[in-house]
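Encoded as C-alpha cells, the structure appears first; notes follow it.
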Amino acid sequence: MGDVSDEVLGHVHRLYGAQSHRIDGGRAQEWAATFTPDGEFWSPSYPEPAVGTAALVAFAERFAAADEQAGTRTRHVITNLDVASADGAGLVVRGYLQIVVTEAGGASRLARMTTFIDDLVRLDGRWRIRRRVVRRDDEPR
Amino acid sequence: MGDVSDEVLGHVHRLYGAQSHRIDGGRAQEWAATFTPDGEFWSPSYPEPAVGTAALVAFAERFAAADEQAGTRTRHVITNLDVASADGAGLVVRGYLQIVVTEAGGASRLARMTTFIDDLVRLDGRWRIRRRVVRRDDEPR
Amino acid sequence: MGDVSDEVLGHVHRLYGAQSHRIDGGRAQEWAATFTPDGEFWSPSYPEPAVGTAALVAFAERFAAADEQAGTRTRHVITNLDVASADGAGLVVRGYLQIVVTEAGGASRLARMTTFIDDLVRLDGRWRIRRRVVRRDDEPR
C-alpha cells in the first residue's frame with residue numbers, strides 16, 4: 001500500500017465529509033450512492049450485511065425510522081481518515097466512527113466507538129465504497 | 001450546489017482547523033475575524049444572534065469569561081466538514097460540532113451535540129463566514 | 001507564523017490521519033516513525049517524556065500492554081488540525097485529542113480531553129514530529 005496523490009486525498013475528504021450528513025439527515029438514496037451499485041456494508045451491530053443499492057437504501061431508511069420512533073438523533077462522527085492506495089486501482093480507507101445519540105430535550109452520549117475499513121474503487125470519475133467493514137470497540141479481542 | 005476545487009477545499013480546511021482554537025483559547029478578535037464584518041452567528045443556546053464584528057468579539061469574550069468563572073474548559077470539536085459551492089460566488093459548509101466541557105481536576109463530558117450550516121463569501125482573498133446557524137440535536141424535531 | 005501550501009497541508013493530513021491508527025493498533029515501531037529519531041513526547045499523563053526512537057517505541061508498547069491488561073480499547077481521536085509554518089523550515093501543528101476508552105462488552109467513554117502542540121521538521125522528504133507537548137483540559141489553569 002502506498003501514499004495517494006493530493007487529488008485523490010481531496011476526493012476522499014469530500015466523500016467522507018458528505019457521507020454522514022446523508023444518512024443522519026434521512027437522505028437514504030444519497031447515502032447509498034456513496035457505495036458502488038454492488039456495494040457491501042458489514043457491521044456487527046446488524047444481523048446481516050446490506051449488499052447492493054436497494055438493500056443499502058432500505059438500511060438507511062430503517063436507520064432513520066428507528067431514530068424517529070425512539071425520539072432520538074443519531075450522528076456518525078468520522079475522524080482520523082487514513083488513506084492508502086491498494087493493489088490494483090483501488091484505495092483502502094480506515095477511520096474512526098463515533099456513534100453519538102441525543103434524546104429530544106435530553107443529553108448527548110457516545111453510544112458506541114467503532115472503526116471501519118473501506119475498499120474504494122473509481123466509478124465514472126468518482127470514488128465509491130465497494131465494501132465497508134465496521135468493527136465495534138466493545139467486541140472481545 | 002456543486003463540488004469545489006482542491007484549492008477551495010484547502011482554504012476551508014485551514015479556516016475550520018484554526019477557528020475553534022481561537023475561541024477556545026480566548027482569542028476573541030481572531031475568532032471574530034473568521035466572520036465577515038457583518039457576519040451573523042445564530043444559535044439556540046443563546047437568546048439572540050451576534051451580528052457584526054463588535055458583537056462577535058463580545059460574544060467570544062463572554063464565552064471565555066463564563067468558562068473562567070465556572071472553572072471549566074470548553075472545546076468546540078469540529079468534524080464531518082461538507083463543502084459545496086452555492087449559487088453565485090459563495091460556499092455552503094456543513095459540519096458537526098461537539099461541545100466538550102472539562103472541569104479542573106474533574107471529568108470531561110460531551111455537553112452538547114450540534115450541527116452548523118455556514119454561508120461563506122470570499123473577502124480580500126480569504127473565505128469568511130457570512131452567516132452561521134447552529135442547531136442542537138436535543139431540539140424537538 | 002504563516003499559511004502553508006496545499007501540498008504541505010496534504011502531507012500533514014496524511015501524517016495525522018495515519019498516526020493514531022498506528023499506536024491504537026499496536027504498531028509501536030510505525031508510530032515511533034512519525035517522530036524524528038530524536039523526537040520528544042511530553043505529556044502530563046506520564047511521569048517523564050519519551051525521547052528518541054527507542055523510548056518512543058517502548059512508550060507505545062507499554063500503552064498497548066496496558067490496554068490488553070485492562071481489557072480495554074483506547075483510541076486517540078484527533079480533530080481540529082491547525083497548521084502553520086514556523087520560523088525557519090518547520091511547522092507548528094495544533095490539534096484536539098480525545099482519549100476514548102471502551103471496555104470489552106461495555107460502554108465507551110470520553111476518558112480525557114487534551115490538546116497538543118507539535119513542532120514538525122522535514123526529514124528525507126517527509127514531515128515528522130520533532131516535539132509533541134500534550135496538555136490535559138483537567139489541569140488547573
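Every chain in the C-alpha cells has a letter given in the order shown (A, B, ...), and although residue numbers restart at 1 in each chain, ligands are simply numbered from 1 in the order shown.
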Give me the residues near Glu103 of chain C as a ChimeraX atom specification, where near means some atom within 7 Å (using only C-alpha atoms) and where sequence neighbours in that chain fewer than 6 positions away do not count. /A:138 /C:71-73
Residues of chain C within 10 Å of chain A, counting only C-alpha atoms - could you list those as JSON, numbers by chain? {"C": [6, 7, 8, 9, 10, 11, 13, 14, 15, 16, 17, 18, 19, 20, 21, 68, 71, 72, 73, 74, 75, 76, 77, 78, 79, 100, 101, 102, 103, 104, 105, 106, 107, 108, 109, 110]}
If you run DSSP on the backbone, which residues of chain C are alpha helix (DSSP H), as a ChimeraX atom specification? /C:6-24,28-32,53-70
Selected residues, C-alpha atoms, written as a tab-separated table (two decimals), in the first residue's frame, please.
chain	number	residue	atom	x	y	z
C	6	ASP	CA	-1.80	22.95	-0.25
C	7	GLU	CA	0.99	20.41	-0.68
C	8	VAL	CA	2.19	20.80	2.91
C	9	LEU	CA	-1.39	20.72	4.23
C	10	GLY	CA	-1.88	17.42	2.38
C	11	HIS	CA	1.28	15.96	3.91
C	12	VAL	CA	0.12	16.96	7.39
C	13	HIS	CA	-3.34	15.47	6.87
C	14	ARG	CA	-1.76	12.19	5.78
C	15	LEU	CA	0.57	12.10	8.81
C	16	TYR	CA	-2.15	12.78	11.39
C	17	GLY	CA	-4.68	10.59	9.58
C	18	ALA	CA	-2.32	7.64	9.94
C	19	GLN	CA	-0.70	8.27	13.31
C	20	SER	CA	-3.41	7.24	15.80
C	21	HIS	CA	-4.17	4.01	13.92
C	22	ARG	CA	-0.56	3.03	14.50
C	23	ILE	CA	-0.43	3.40	18.27
C	24	ASP	CA	-4.03	2.24	18.76
C	28	ALA	CA	4.71	0.70	18.01
C	29	GLN	CA	7.59	1.00	15.52
C	30	GLU	CA	5.38	2.67	12.93
C	31	TRP	CA	4.02	5.10	15.49
C	32	ALA	CA	7.53	6.00	16.63
C	53	THR	CA	13.04	6.30	18.78
C	54	ALA	CA	13.77	3.54	21.29
C	55	ALA	CA	11.94	5.33	24.09
C	56	LEU	CA	9.00	6.16	21.80
C	57	VAL	CA	8.69	2.52	20.73
C	58	ALA	CA	8.80	1.42	24.37
C	59	PHE	CA	6.14	4.01	25.26
C	60	ALA	CA	3.80	2.71	22.54
C	61	GLU	CA	4.41	-0.88	23.60
C	62	ARG	CA	3.57	-0.06	27.22
C	63	PHE	CA	0.43	1.69	26.03
C	64	ALA	CA	-0.72	-1.42	24.12
C	65	ALA	CA	0.17	-3.73	27.02
C	66	ALA	CA	-1.81	-1.60	29.48
C	67	ASP	CA	-4.85	-1.75	27.19
C	68	GLU	CA	-4.51	-5.51	26.85
C	69	GLN	CA	-4.17	-6.00	30.58
C	70	ALA	CA	-7.15	-3.79	31.39
Do you know which residues are at most 6 Å from segment 117-132 of chain C counting only C-alpha atoms, after dropping those on the same chain fewer than 3 positions away, and could you put them as a count of residues only? 12
Strand (DSSP E) positions in chain A, given as an NGL selection string: :A and (35-42 or 50-51 or 72-85 or 91-103 or 108-123 or 126-136)
So the first atom is atom CA of Pro47 of chain C and the second is atom CA of Phe116 of chain C; what is the distance between them in Å, to one decimal place?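 One can read the atom CA of Pro47 of chain C to atom CA of Phe116 of chain C distance as 17.0 Å.
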As an exercise, work out the distance from atom CA of Asp38 of chain A to atom CA of Val51 of chain A in Å and give it to one decimal place.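 Pair atom CA of Asp38 of chain A / atom CA of Val51 of chain A returns 6.3 Å.
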Any idea what the distance is between atom CA of Glu48 of chain B and atom CA of Ala89 of chain B?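 It comes out at 28.1 Å.
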